[in-house]
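Trainee: Compact mmCIF, N, CA and C atoms, saved as upload20.txt, coming up:
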# COMPACT_ATOMS: atom_id res chain seq x y z
N MET R 6 0.85 -1.18 0.00
CA MET R 6 0.00 0.00 0.00
C MET R 6 0.89 1.23 0.00
N THR R 7 0.63 2.18 -0.88
CA THR R 7 1.37 3.42 -0.95
C THR R 7 0.47 4.52 -0.43
N LEU R 8 0.86 5.16 0.65
CA LEU R 8 0.07 6.25 1.21
C LEU R 8 0.63 7.55 0.69
N VAL R 9 -0.20 8.33 0.02
CA VAL R 9 0.21 9.63 -0.47
C VAL R 9 -0.15 10.63 0.61
N GLN R 10 0.83 11.05 1.38
CA GLN R 10 0.56 12.00 2.46
C GLN R 10 1.67 13.02 2.48
N MET R 11 1.31 14.24 2.24
CA MET R 11 2.28 15.32 2.24
C MET R 11 2.01 16.18 3.48
N GLN R 12 2.78 17.22 3.64
CA GLN R 12 2.60 18.11 4.77
C GLN R 12 1.32 18.92 4.61
N PRO R 13 0.49 19.00 5.66
CA PRO R 13 -0.74 19.80 5.55
C PRO R 13 -0.40 21.28 5.42
N ARG R 14 -1.22 21.98 4.68
CA ARG R 14 -1.05 23.42 4.52
C ARG R 14 -2.24 24.12 5.16
N PRO R 15 -2.05 25.32 5.62
CA PRO R 15 -3.18 26.05 6.22
C PRO R 15 -4.30 26.27 5.21
N ALA R 16 -5.54 26.19 5.66
CA ALA R 16 -6.70 26.37 4.79
C ALA R 16 -6.73 27.77 4.19
N SER R 17 -6.15 28.74 4.87
CA SER R 17 -6.16 30.11 4.38
C SER R 17 -5.20 30.33 3.22
N ALA R 18 -4.48 29.31 2.82
CA ALA R 18 -3.49 29.45 1.76
C ALA R 18 -4.14 29.58 0.38
N GLY R 19 -5.44 29.40 0.28
CA GLY R 19 -6.13 29.58 -1.00
C GLY R 19 -6.53 28.28 -1.65
N PRO R 20 -7.22 28.37 -2.81
CA PRO R 20 -7.78 27.19 -3.46
C PRO R 20 -6.73 26.19 -3.93
N VAL R 21 -5.53 26.64 -4.25
CA VAL R 21 -4.49 25.72 -4.71
C VAL R 21 -4.13 24.74 -3.60
N HIS R 22 -4.32 25.15 -2.36
CA HIS R 22 -3.92 24.34 -1.22
C HIS R 22 -5.10 23.67 -0.53
N LYS R 23 -6.23 23.54 -1.23
CA LYS R 23 -7.35 22.79 -0.68
C LYS R 23 -6.90 21.38 -0.39
N THR R 24 -7.45 20.81 0.66
CA THR R 24 -7.11 19.42 0.97
C THR R 24 -8.13 18.49 0.32
N ILE R 25 -7.75 17.24 0.23
CA ILE R 25 -8.63 16.23 -0.33
C ILE R 25 -9.94 16.15 0.45
N ALA R 26 -9.86 16.29 1.77
CA ALA R 26 -11.05 16.19 2.61
C ALA R 26 -12.13 17.19 2.19
N GLU R 27 -11.72 18.31 1.60
CA GLU R 27 -12.67 19.35 1.20
C GLU R 27 -13.39 19.02 -0.12
N VAL R 28 -12.85 18.11 -0.91
CA VAL R 28 -13.42 17.88 -2.24
C VAL R 28 -13.70 16.41 -2.58
N MET R 29 -13.36 15.49 -1.71
CA MET R 29 -13.52 14.07 -2.04
C MET R 29 -14.99 13.67 -2.07
N ASP R 30 -15.26 12.63 -2.85
CA ASP R 30 -16.59 12.03 -2.89
C ASP R 30 -16.71 11.06 -1.72
N ALA R 31 -17.93 10.76 -1.33
CA ALA R 31 -18.14 9.75 -0.29
C ALA R 31 -17.52 8.44 -0.75
N ALA R 32 -17.08 7.64 0.18
CA ALA R 32 -16.40 6.38 -0.16
C ALA R 32 -17.28 5.46 -0.98
N GLY R 33 -18.58 5.50 -0.79
CA GLY R 33 -19.46 4.61 -1.53
C GLY R 33 -19.33 3.19 -1.04
N PRO R 34 -19.74 2.25 -1.87
CA PRO R 34 -19.70 0.85 -1.44
C PRO R 34 -18.27 0.38 -1.15
N GLN R 35 -18.15 -0.31 -0.03
CA GLN R 35 -16.88 -0.93 0.34
C GLN R 35 -17.12 -2.43 0.42
N VAL R 36 -16.24 -3.18 -0.21
CA VAL R 36 -16.41 -4.62 -0.26
C VAL R 36 -15.16 -5.31 0.25
N CYS R 37 -15.32 -6.55 0.67
CA CYS R 37 -14.21 -7.33 1.18
C CYS R 37 -13.38 -7.88 0.03
N ASP R 38 -12.09 -8.00 0.24
CA ASP R 38 -11.19 -8.45 -0.82
C ASP R 38 -11.34 -9.92 -1.20
N ASP R 39 -12.15 -10.66 -0.46
CA ASP R 39 -12.38 -12.06 -0.84
C ASP R 39 -13.60 -12.22 -1.76
N MET R 40 -14.18 -11.11 -2.17
CA MET R 40 -15.35 -11.13 -3.06
C MET R 40 -14.91 -11.52 -4.48
N SER R 41 -15.78 -12.26 -5.17
CA SER R 41 -15.49 -12.64 -6.56
C SER R 41 -15.76 -11.46 -7.48
N VAL R 42 -15.21 -11.55 -8.68
CA VAL R 42 -15.40 -10.52 -9.69
C VAL R 42 -16.88 -10.38 -10.05
N GLU R 43 -17.56 -11.50 -10.24
CA GLU R 43 -18.98 -11.46 -10.61
C GLU R 43 -19.83 -10.78 -9.54
N VAL R 44 -19.57 -11.10 -8.29
CA VAL R 44 -20.34 -10.48 -7.20
C VAL R 44 -20.01 -8.99 -7.11
N ALA R 45 -18.76 -8.63 -7.29
CA ALA R 45 -18.38 -7.22 -7.26
C ALA R 45 -19.07 -6.44 -8.37
N LEU R 46 -19.15 -7.02 -9.55
CA LEU R 46 -19.86 -6.36 -10.65
C LEU R 46 -21.35 -6.21 -10.34
N SER R 47 -21.93 -7.19 -9.67
CA SER R 47 -23.34 -7.11 -9.27
C SER R 47 -23.54 -6.00 -8.23
N VAL R 48 -22.62 -5.89 -7.29
CA VAL R 48 -22.70 -4.82 -6.28
C VAL R 48 -22.62 -3.46 -6.96
N MET R 49 -21.70 -3.33 -7.91
CA MET R 49 -21.58 -2.06 -8.65
C MET R 49 -22.87 -1.72 -9.38
N ALA R 50 -23.44 -2.70 -10.04
CA ALA R 50 -24.69 -2.47 -10.78
C ALA R 50 -25.81 -2.04 -9.84
N ALA R 51 -25.93 -2.73 -8.71
CA ALA R 51 -26.99 -2.40 -7.74
C ALA R 51 -26.78 -1.02 -7.14
N ALA R 52 -25.52 -0.65 -6.90
CA ALA R 52 -25.21 0.65 -6.29
C ALA R 52 -25.11 1.77 -7.33
N ARG R 53 -25.18 1.39 -8.60
CA ARG R 53 -25.05 2.36 -9.70
C ARG R 53 -23.78 3.19 -9.56
N THR R 54 -22.67 2.47 -9.42
CA THR R 54 -21.37 3.11 -9.30
C THR R 54 -20.39 2.41 -10.22
N GLY R 55 -19.32 3.08 -10.54
CA GLY R 55 -18.32 2.51 -11.43
C GLY R 55 -17.07 2.06 -10.72
N ARG R 56 -17.08 2.15 -9.38
CA ARG R 56 -15.89 1.75 -8.62
C ARG R 56 -16.27 1.28 -7.23
N LEU R 57 -15.40 0.46 -6.67
CA LEU R 57 -15.58 -0.05 -5.32
C LEU R 57 -14.28 0.11 -4.54
N VAL R 58 -14.39 0.51 -3.30
CA VAL R 58 -13.24 0.50 -2.39
C VAL R 58 -13.16 -0.91 -1.83
N VAL R 59 -11.98 -1.51 -1.90
CA VAL R 59 -11.78 -2.87 -1.43
C VAL R 59 -11.09 -2.82 -0.08
N CYS R 60 -11.62 -3.59 0.87
CA CYS R 60 -11.07 -3.64 2.22
C CYS R 60 -10.72 -5.08 2.59
N ASP R 61 -9.78 -5.22 3.53
CA ASP R 61 -9.46 -6.56 4.01
C ASP R 61 -10.46 -6.96 5.09
N GLN R 62 -10.26 -8.10 5.71
CA GLN R 62 -11.21 -8.59 6.71
C GLN R 62 -11.25 -7.74 7.97
N ASP R 63 -10.25 -6.88 8.16
CA ASP R 63 -10.22 -5.98 9.31
C ASP R 63 -10.81 -4.61 8.98
N GLY R 64 -11.32 -4.46 7.76
CA GLY R 64 -11.92 -3.19 7.36
C GLY R 64 -10.92 -2.15 6.90
N GLN R 65 -9.67 -2.56 6.72
CA GLN R 65 -8.63 -1.64 6.26
C GLN R 65 -8.65 -1.57 4.74
N GLY R 66 -8.61 -0.37 4.18
CA GLY R 66 -8.61 -0.21 2.74
C GLY R 66 -7.39 -0.86 2.12
N THR R 67 -7.62 -1.63 1.06
CA THR R 67 -6.51 -2.29 0.37
C THR R 67 -6.42 -1.88 -1.09
N GLY R 68 -7.43 -1.22 -1.63
CA GLY R 68 -7.36 -0.80 -3.02
C GLY R 68 -8.69 -0.31 -3.55
N LEU R 69 -8.72 -0.13 -4.84
CA LEU R 69 -9.88 0.37 -5.55
C LEU R 69 -9.98 -0.38 -6.86
N VAL R 70 -11.17 -0.84 -7.21
CA VAL R 70 -11.38 -1.50 -8.50
C VAL R 70 -12.49 -0.76 -9.24
N THR R 71 -12.38 -0.78 -10.56
CA THR R 71 -13.40 -0.11 -11.37
C THR R 71 -14.17 -1.14 -12.19
N GLN R 72 -15.33 -0.74 -12.64
CA GLN R 72 -16.17 -1.60 -13.46
C GLN R 72 -15.46 -1.98 -14.75
N THR R 73 -14.76 -1.03 -15.34
CA THR R 73 -14.02 -1.28 -16.58
C THR R 73 -12.97 -2.37 -16.37
N GLU R 74 -12.22 -2.27 -15.28
CA GLU R 74 -11.18 -3.27 -14.99
C GLU R 74 -11.80 -4.65 -14.77
N LEU R 75 -12.85 -4.69 -13.96
CA LEU R 75 -13.45 -5.98 -13.65
C LEU R 75 -14.11 -6.62 -14.86
N THR R 76 -14.73 -5.82 -15.71
CA THR R 76 -15.35 -6.36 -16.92
C THR R 76 -14.29 -6.93 -17.85
N ALA R 77 -13.17 -6.22 -17.98
CA ALA R 77 -12.09 -6.72 -18.84
C ALA R 77 -11.53 -8.04 -18.31
N ILE R 78 -11.39 -8.13 -17.01
CA ILE R 78 -10.87 -9.37 -16.40
C ILE R 78 -11.87 -10.51 -16.60
N ARG R 79 -13.15 -10.24 -16.34
CA ARG R 79 -14.17 -11.27 -16.50
C ARG R 79 -14.25 -11.77 -17.94
N ASP R 80 -14.04 -10.88 -18.89
CA ASP R 80 -14.15 -11.25 -20.30
C ASP R 80 -12.87 -11.85 -20.87
N SER R 81 -11.80 -11.89 -20.08
CA SER R 81 -10.54 -12.45 -20.58
C SER R 81 -10.59 -13.98 -20.59
N SER R 82 -9.76 -14.57 -21.42
CA SER R 82 -9.73 -16.03 -21.53
C SER R 82 -9.13 -16.69 -20.29
N ALA R 83 -8.37 -15.95 -19.50
CA ALA R 83 -7.75 -16.51 -18.29
C ALA R 83 -8.66 -16.47 -17.07
N TYR R 84 -9.84 -15.88 -17.20
CA TYR R 84 -10.74 -15.71 -16.06
C TYR R 84 -11.35 -17.03 -15.60
N THR R 85 -11.40 -17.19 -14.28
CA THR R 85 -12.16 -18.29 -13.67
C THR R 85 -12.98 -17.70 -12.53
N ASP R 86 -13.99 -18.43 -12.07
CA ASP R 86 -14.82 -17.93 -10.98
C ASP R 86 -14.11 -17.96 -9.63
N ARG R 87 -12.88 -18.44 -9.61
CA ARG R 87 -12.09 -18.45 -8.37
C ARG R 87 -11.30 -17.16 -8.16
N VAL R 88 -11.29 -16.28 -9.13
CA VAL R 88 -10.55 -15.02 -9.01
C VAL R 88 -11.25 -14.13 -7.99
N ARG R 89 -10.49 -13.67 -7.03
CA ARG R 89 -11.00 -12.78 -5.99
C ARG R 89 -10.41 -11.38 -6.18
N LEU R 90 -11.05 -10.40 -5.61
CA LEU R 90 -10.58 -9.02 -5.75
C LEU R 90 -9.15 -8.87 -5.24
N ARG R 91 -8.79 -9.56 -4.18
CA ARG R 91 -7.42 -9.45 -3.64
C ARG R 91 -6.38 -9.90 -4.67
N ASP R 92 -6.79 -10.78 -5.59
CA ASP R 92 -5.88 -11.26 -6.63
C ASP R 92 -5.63 -10.22 -7.71
N LEU R 93 -6.47 -9.20 -7.76
CA LEU R 93 -6.43 -8.23 -8.84
C LEU R 93 -5.82 -6.89 -8.46
N LEU R 94 -5.63 -6.64 -7.19
CA LEU R 94 -5.26 -5.31 -6.75
C LEU R 94 -3.91 -4.84 -7.27
N GLY R 95 -2.93 -5.70 -7.33
CA GLY R 95 -1.64 -5.31 -7.89
C GLY R 95 -1.18 -3.96 -7.41
N ASP R 96 -1.08 -2.99 -8.31
CA ASP R 96 -0.60 -1.65 -7.97
C ASP R 96 -1.74 -0.70 -7.62
N HIS R 97 -2.88 -1.25 -7.24
CA HIS R 97 -4.02 -0.40 -6.88
C HIS R 97 -3.95 0.00 -5.42
N GLY R 98 -2.85 -0.26 -4.76
CA GLY R 98 -2.73 0.00 -3.34
C GLY R 98 -2.31 1.40 -2.99
N SER R 99 -2.53 2.37 -3.86
CA SER R 99 -2.20 3.76 -3.55
C SER R 99 -3.39 4.41 -2.85
N PHE R 100 -3.09 5.13 -1.80
CA PHE R 100 -4.10 5.82 -1.01
C PHE R 100 -3.64 7.23 -0.72
N ALA R 101 -4.58 8.06 -0.35
CA ALA R 101 -4.26 9.43 0.05
C ALA R 101 -4.78 9.69 1.45
N SER R 102 -4.16 10.61 2.11
CA SER R 102 -4.61 11.08 3.42
C SER R 102 -5.56 12.25 3.19
N PRO R 103 -6.53 12.46 4.08
CA PRO R 103 -7.44 13.60 3.91
C PRO R 103 -6.74 14.96 4.01
N VAL R 104 -5.52 15.02 4.56
CA VAL R 104 -4.82 16.30 4.67
C VAL R 104 -3.90 16.58 3.48
N THR R 105 -3.82 15.64 2.54
CA THR R 105 -3.04 15.85 1.33
C THR R 105 -3.67 16.99 0.53
N THR R 106 -2.86 17.88 -0.03
CA THR R 106 -3.43 18.96 -0.82
C THR R 106 -3.87 18.42 -2.18
N MET R 107 -4.79 19.13 -2.80
CA MET R 107 -5.27 18.74 -4.11
C MET R 107 -4.13 18.73 -5.13
N ALA R 108 -3.26 19.71 -5.07
CA ALA R 108 -2.15 19.77 -6.03
C ALA R 108 -1.26 18.55 -5.88
N GLU R 109 -0.96 18.16 -4.67
CA GLU R 109 -0.12 16.98 -4.42
C GLU R 109 -0.81 15.70 -4.88
N ALA R 110 -2.10 15.59 -4.59
CA ALA R 110 -2.85 14.40 -4.99
C ALA R 110 -2.96 14.30 -6.50
N GLU R 111 -3.24 15.43 -7.15
CA GLU R 111 -3.36 15.42 -8.61
C GLU R 111 -2.04 15.00 -9.24
N HIS R 112 -0.94 15.52 -8.74
CA HIS R 112 0.37 15.14 -9.27
C HIS R 112 0.62 13.64 -9.09
N ALA R 113 0.33 13.13 -7.91
CA ALA R 113 0.53 11.70 -7.63
C ALA R 113 -0.34 10.83 -8.53
N MET R 114 -1.60 11.25 -8.73
CA MET R 114 -2.52 10.46 -9.55
C MET R 114 -2.09 10.47 -11.02
N ARG R 115 -1.68 11.61 -11.51
CA ARG R 115 -1.25 11.69 -12.91
C ARG R 115 0.04 10.91 -13.13
N SER R 116 0.97 10.99 -12.20
CA SER R 116 2.23 10.27 -12.38
C SER R 116 2.03 8.75 -12.30
N ARG R 117 1.04 8.30 -11.53
CA ARG R 117 0.74 6.87 -11.43
C ARG R 117 -0.36 6.42 -12.38
N ARG R 118 -0.88 7.39 -13.15
CA ARG R 118 -1.96 7.13 -14.11
C ARG R 118 -3.18 6.52 -13.45
N LEU R 119 -3.60 7.13 -12.34
CA LEU R 119 -4.78 6.68 -11.61
C LEU R 119 -5.93 7.63 -11.90
N GLY R 120 -7.11 7.08 -12.18
CA GLY R 120 -8.29 7.90 -12.39
C GLY R 120 -8.99 8.26 -11.10
N ALA R 121 -8.76 7.44 -10.07
CA ALA R 121 -9.38 7.67 -8.77
C ALA R 121 -8.43 7.17 -7.69
N LEU R 122 -8.54 7.77 -6.52
CA LEU R 122 -7.65 7.45 -5.41
C LEU R 122 -8.47 7.36 -4.13
N PRO R 123 -8.44 6.21 -3.46
CA PRO R 123 -9.16 6.12 -2.19
C PRO R 123 -8.50 7.02 -1.13
N VAL R 124 -9.32 7.58 -0.27
CA VAL R 124 -8.83 8.41 0.82
C VAL R 124 -9.06 7.64 2.11
N VAL R 125 -7.99 7.42 2.88
CA VAL R 125 -8.10 6.65 4.11
C VAL R 125 -7.70 7.49 5.31
N GLY R 126 -8.32 7.18 6.45
CA GLY R 126 -8.00 7.86 7.69
C GLY R 126 -6.78 7.24 8.35
N GLY R 127 -6.45 7.75 9.51
CA GLY R 127 -5.28 7.28 10.24
C GLY R 127 -5.31 5.82 10.60
N GLN R 128 -6.47 5.23 10.75
CA GLN R 128 -6.59 3.82 11.09
C GLN R 128 -6.72 2.93 9.86
N GLY R 129 -6.64 3.52 8.67
CA GLY R 129 -6.72 2.75 7.43
C GLY R 129 -8.13 2.57 6.90
N SER R 130 -9.13 3.13 7.58
CA SER R 130 -10.50 2.98 7.11
C SER R 130 -10.78 3.96 5.97
N ALA R 131 -11.56 3.51 4.99
CA ALA R 131 -11.87 4.31 3.82
C ALA R 131 -12.79 5.46 4.20
N LEU R 132 -12.40 6.68 3.82
CA LEU R 132 -13.21 7.86 4.10
C LEU R 132 -13.91 8.38 2.86
N GLY R 133 -13.28 8.18 1.70
CA GLY R 133 -13.85 8.70 0.48
C GLY R 133 -13.00 8.34 -0.71
N VAL R 134 -13.32 8.94 -1.85
CA VAL R 134 -12.60 8.69 -3.08
C VAL R 134 -12.38 10.04 -3.77
N LEU R 135 -11.18 10.23 -4.27
CA LEU R 135 -10.86 11.42 -5.05
C LEU R 135 -10.74 10.97 -6.49
N ALA R 136 -11.47 11.60 -7.38
CA ALA R 136 -11.43 11.25 -8.81
C ALA R 136 -10.97 12.46 -9.61
N LEU R 137 -10.09 12.22 -10.57
CA LEU R 137 -9.65 13.30 -11.45
C LEU R 137 -10.76 13.64 -12.42
N SER R 138 -10.97 14.92 -12.66
CA SER R 138 -11.91 15.31 -13.71
C SER R 138 -11.15 15.37 -15.01
N ARG R 139 -11.79 14.98 -16.07
CA ARG R 139 -11.10 14.88 -17.37
C ARG R 139 -11.25 16.15 -18.14
Let me see the file written as structure tokens.
Mentor:
Amino acid sequence: MTLVQMQPRPASAGPVHKTIAEVMDAAGPQVCDDMSVEVALSVMAAARTGRLVVCDQDGQGTGLVTQTELTAIRDSSAYTDRVRLRDLLGDHGSFASPVTTMAEAEHAMRSRRLGALPVVGGQGSALGVLALSR
């Protein structure tokens, strides 16, 4: 897991120094990493969302999966119904702290080519999701 946490800046520093906590989306559905791809896609459809925050059995955030990624995996020739979300996370273990500035988070997301970044609190629990606007 890579935690993107920079030094907090005072809120009075202006819009460039807004923190993630000020602009993040609600975390939305959180699912356990032992969930299958098919079940995760069903949860996404029911929740009408394109992404899920994945947590381990202790409720600690472990990554983020998107509908596009899961659909591609399900449609691949190597897919079996034994594939679990924990098997897919790979480099999806990047997280941000709520005190990270928007500029720092945007730079980290662009350099890692991430469309969305889970935001976790000090105990590792998912607080929200930051998504880049295109």
Trainee: Need the shell around Thr105 (chain R): protein/DNA/RNA residues with any atom at most 5 Å away, counting all atoms listed in the file. Skip same-chain ones fewer than 2 positions apart. Format as a list of chain:residue names?
Mentor: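 Selected residues are R:Met11, R:Thr24, R:Ile25, R:Ser102, R:Pro103, R:Met107.
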Trainee: Can those selected residues be exported to a file as a PDB file, keeping the file's coordinate frame so that it contains N, CA and C atoms?
Mentor:
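Contents of again-v4.pdb, as written:
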ATOM      1  N   MET R  11       1.310  14.240   2.240  1.00  0.00           N
ATOM      2  CA  MET R  11       2.280  15.320   2.240  1.00  0.00           C
ATOM      3  C   MET R  11       2.010  16.180   3.480  1.00  0.00           C
ATOM      4  N   THR R  24      -7.450  20.810   0.660  1.00  0.00           N
ATOM      5  CA  THR R  24      -7.110  19.420   0.970  1.00  0.00           C
ATOM      6  C   THR R  24      -8.130  18.490   0.320  1.00  0.00           C
ATOM      7  N   ILE R  25      -7.750  17.240   0.230  1.00  0.00           N
ATOM      8  CA  ILE R  25      -8.630  16.230  -0.330  1.00  0.00           C
ATOM      9  C   ILE R  25      -9.940  16.150   0.450  1.00  0.00           C
ATOM     10  N   SER R 102      -4.160  10.610   2.110  1.00  0.00           N
ATOM     11  CA  SER R 102      -4.610  11.080   3.420  1.00  0.00           C
ATOM     12  C   SER R 102      -5.560  12.250   3.190  1.00  0.00           C
ATOM     13  N   PRO R 103      -6.530  12.460   4.080  1.00  0.00           N
ATOM     14  CA  PRO R 103      -7.440  13.600   3.910  1.00  0.00           C
ATOM     15  C   PRO R 103      -6.740  14.960   4.010  1.00  0.00           C
ATOM     16  N   MET R 107      -4.790  19.130  -2.800  1.00  0.00           N
ATOM     17  CA  MET R 107      -5.270  18.740  -4.110  1.00  0.00           C
ATOM     18  C   MET R 107      -4.130  18.730  -5.130  1.00  0.00           C
TER      19      MET R 107
END
Trainee: Rounded to one decimal in Å, what is the spacing between CA of Leu93 (chain R) and CA of Gly66 (chain R)?
Mentor: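 CA of Gly66 (chain R) lies 14.3 Å from CA of Leu93 (chain R).
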Trainee: Report the distance between CA of Thr71 (chain R) and CA of Tyr84 (chain R) in Å, rounded to one decimal place.
Mentor: 16.5 Å
Trainee: When distances are computed from only C-alpha atoms, which of R:Asp86, R:Asp92, R:Asp61, R:Glu111 shows the smallest separation from Val44 (chain R)?
Mentor: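 Using only C-alpha atoms, Val44 (chain R) sits closest to R:Asp86.
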Trainee: For region 120-137 of chain R, work out the shell of residues within 6.5 Å, counting all atoms listed in the file and skipping chain neighbours fewer than 4 positions away, then give it as a ChimeraX atom specification.
Mentor: /R:28-33,64-66,69,99-103,114
Trainee: Print the selection's residues with N, CA and C atoms to a file, as a PDB file, in the coordinates of the input.
Mentor:
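Result written to out_19.pdb:
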ATOM      1  N   VAL R  28     -12.850  18.110  -0.910  1.00  0.00           N
ATOM      2  CA  VAL R  28     -13.420  17.880  -2.240  1.00  0.00           C
ATOM      3  C   VAL R  28     -13.700  16.410  -2.580  1.00  0.00           C
ATOM      4  N   MET R  29     -13.360  15.490  -1.710  1.00  0.00           N
ATOM      5  CA  MET R  29     -13.520  14.070  -2.040  1.00  0.00           C
ATOM      6  C   MET R  29     -14.990  13.670  -2.070  1.00  0.00           C
ATOM      7  N   ASP R  30     -15.260  12.630  -2.850  1.00  0.00           N
ATOM      8  CA  ASP R  30     -16.590  12.030  -2.890  1.00  0.00           C
ATOM      9  C   ASP R  30     -16.710  11.060  -1.720  1.00  0.00           C
ATOM     10  N   ALA R  31     -17.930  10.760  -1.330  1.00  0.00           N
ATOM     11  CA  ALA R  31     -18.140   9.750  -0.290  1.00  0.00           C
ATOM     12  C   ALA R  31     -17.520   8.440  -0.750  1.00  0.00           C
ATOM     13  N   ALA R  32     -17.080   7.640   0.180  1.00  0.00           N
ATOM     14  CA  ALA R  32     -16.400   6.380  -0.160  1.00  0.00           C
ATOM     15  C   ALA R  32     -17.280   5.460  -0.980  1.00  0.00           C
ATOM     16  N   GLY R  33     -18.580   5.500  -0.790  1.00  0.00           N
ATOM     17  CA  GLY R  33     -19.460   4.610  -1.530  1.00  0.00           C
ATOM     18  C   GLY R  33     -19.330   3.190  -1.040  1.00  0.00           C
ATOM     19  N   GLY R  64     -11.320  -4.460   7.760  1.00  0.00           N
ATOM     20  CA  GLY R  64     -11.920  -3.190   7.360  1.00  0.00           C
ATOM     21  C   GLY R  64     -10.920  -2.150   6.900  1.00  0.00           C
ATOM     22  N   GLN R  65      -9.670  -2.560   6.720  1.00  0.00           N
ATOM     23  CA  GLN R  65      -8.630  -1.640   6.260  1.00  0.00           C
ATOM     24  C   GLN R  65      -8.650  -1.570   4.740  1.00  0.00           C
ATOM     25  N   GLY R  66      -8.610  -0.370   4.180  1.00  0.00           N
ATOM     26  CA  GLY R  66      -8.610  -0.210   2.740  1.00  0.00           C
ATOM     27  C   GLY R  66      -7.390  -0.860   2.120  1.00  0.00           C
ATOM     28  N   LEU R  69      -8.720  -0.130  -4.840  1.00  0.00           N
ATOM     29  CA  LEU R  69      -9.880   0.370  -5.550  1.00  0.00           C
ATOM     30  C   LEU R  69      -9.980  -0.380  -6.860  1.00  0.00           C
ATOM     31  N   SER R  99      -2.530   2.370  -3.860  1.00  0.00           N
ATOM     32  CA  SER R  99      -2.200   3.760  -3.550  1.00  0.00           C
ATOM     33  C   SER R  99      -3.390   4.410  -2.850  1.00  0.00           C
ATOM     34  N   PHE R 100      -3.090   5.130  -1.800  1.00  0.00           N
ATOM     35  CA  PHE R 100      -4.100   5.820  -1.010  1.00  0.00           C
ATOM     36  C   PHE R 100      -3.640   7.230  -0.720  1.00  0.00           C
ATOM     37  N   ALA R 101      -4.580   8.060  -0.350  1.00  0.00           N
ATOM     38  CA  ALA R 101      -4.260   9.430   0.050  1.00  0.00           C
ATOM     39  C   ALA R 101      -4.780   9.690   1.450  1.00  0.00           C
ATOM     40  N   SER R 102      -4.160  10.610   2.110  1.00  0.00           N
ATOM     41  CA  SER R 102      -4.610  11.080   3.420  1.00  0.00           C
ATOM     42  C   SER R 102      -5.560  12.250   3.190  1.00  0.00           C
ATOM     43  N   PRO R 103      -6.530  12.460   4.080  1.00  0.00           N
ATOM     44  CA  PRO R 103      -7.440  13.600   3.910  1.00  0.00           C
ATOM     45  C   PRO R 103      -6.740  14.960   4.010  1.00  0.00           C
ATOM     46  N   MET R 114      -1.600  11.250  -8.730  1.00  0.00           N
ATOM     47  CA  MET R 114      -2.520  10.460  -9.550  1.00  0.00           C
ATOM     48  C   MET R 114      -2.090  10.470 -11.020  1.00  0.00           C
TER      49      MET R 114
END
Trainee: Using atom N of Asp63 (chain R) and CA of Glu27 (chain R) as the two end points, give the distance in Å to one decimal.
Mentor: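 Spanning atom N of Asp63 (chain R) to CA of Glu27 (chain R) is a straight-line distance of 27.2 Å.
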Trainee: Skipping near chain neighbours, those fewer than 2 positions away, what residues fall within 8 Å of Gln62 (chain R) using only N, CA and C atoms, listed as a PyMOL selection string?
Mentor: chain R and resi 36-39+59-60+64-65
Trainee: Could you tell me, as a PDB file with N, CA and C atoms, keeping the file's coordinate frame, which residues have any atom at most 8 Å from (-12.7, -17.4, -8.9), counting only N, CA and C atoms?
Mentor:
ATOM      1  N   MET R  40     -14.180 -11.110  -2.170  1.00  0.00           N
ATOM      2  CA  MET R  40     -15.350 -11.130  -3.060  1.00  0.00           C
ATOM      3  C   MET R  40     -14.910 -11.520  -4.480  1.00  0.00           C
ATOM      4  N   SER R  41     -15.780 -12.260  -5.170  1.00  0.00           N
ATOM      5  CA  SER R  41     -15.490 -12.640  -6.560  1.00  0.00           C
ATOM      6  C   SER R  41     -15.760 -11.460  -7.480  1.00  0.00           C
ATOM      7  N   VAL R  42     -15.210 -11.550  -8.680  1.00  0.00           N
ATOM      8  CA  VAL R  42     -15.400 -10.520  -9.690  1.00  0.00           C
ATOM      9  C   VAL R  42     -16.880 -10.380 -10.050  1.00  0.00           C
ATOM     10  N   GLU R  43     -17.560 -11.500 -10.240  1.00  0.00           N
ATOM     11  CA  GLU R  43     -18.980 -11.460 -10.610  1.00  0.00           C
ATOM     12  C   GLU R  43     -19.830 -10.780  -9.540  1.00  0.00           C
ATOM     13  N   TYR R  84      -9.840 -15.880 -17.200  1.00  0.00           N
ATOM     14  CA  TYR R  84     -10.740 -15.710 -16.060  1.00  0.00           C
ATOM     15  C   TYR R  84     -11.350 -17.030 -15.600  1.00  0.00           C
ATOM     16  N   THR R  85     -11.400 -17.190 -14.280  1.00  0.00           N
ATOM     17  CA  THR R  85     -12.160 -18.290 -13.670  1.00  0.00           C
ATOM     18  C   THR R  85     -12.980 -17.700 -12.530  1.00  0.00           C
ATOM     19  N   ASP R  86     -13.990 -18.430 -12.070  1.00  0.00           N
ATOM     20  CA  ASP R  86     -14.820 -17.930 -10.980  1.00  0.00           C
ATOM     21  C   ASP R  86     -14.110 -17.960  -9.630  1.00  0.00           C
ATOM     22  N   ARG R  87     -12.880 -18.440  -9.610  1.00  0.00           N
ATOM     23  CA  ARG R  87     -12.090 -18.450  -8.370  1.00  0.00           C
ATOM     24  C   ARG R  87     -11.300 -17.160  -8.160  1.00  0.00           C
ATOM     25  N   VAL R  88     -11.290 -16.280  -9.130  1.00  0.00           N
ATOM     26  CA  VAL R  88     -10.550 -15.020  -9.010  1.00  0.00           C
ATOM     27  C   VAL R  88     -11.250 -14.130  -7.990  1.00  0.00           C
ATOM     28  N   ARG R  89     -10.490 -13.670  -7.030  1.00  0.00           N
ATOM     29  CA  ARG R  89     -11.000 -12.780  -5.990  1.00  0.00           C
ATOM     30  C   ARG R  89     -10.410 -11.380  -6.180  1.00  0.00           C
ATOM     31  N   LEU R  90     -11.050 -10.400  -5.610  1.00  0.00           N
ATOM     32  CA  LEU R  90     -10.580  -9.020  -5.750  1.00  0.00           C
ATOM     33  C   LEU R  90      -9.150  -8.870  -5.240  1.00  0.00           C
TER      34      LEU R  90
END
Trainee: Going by DSSP on the backbone, which residues of region 17-122 of chain R come out as strand (DSSP E)? List them as a ChimeraX atom specification.
Mentor: /R:30-31,35-37,56-60,66-71,99-101,121-122
Trainee: Among region 48-133 of chain R, which ones does DSSP place in alpha helix (DSSP H), written as a PyMOL selection string?
Mentor: chain R and resi 48-52+72-79+90-93+107-117
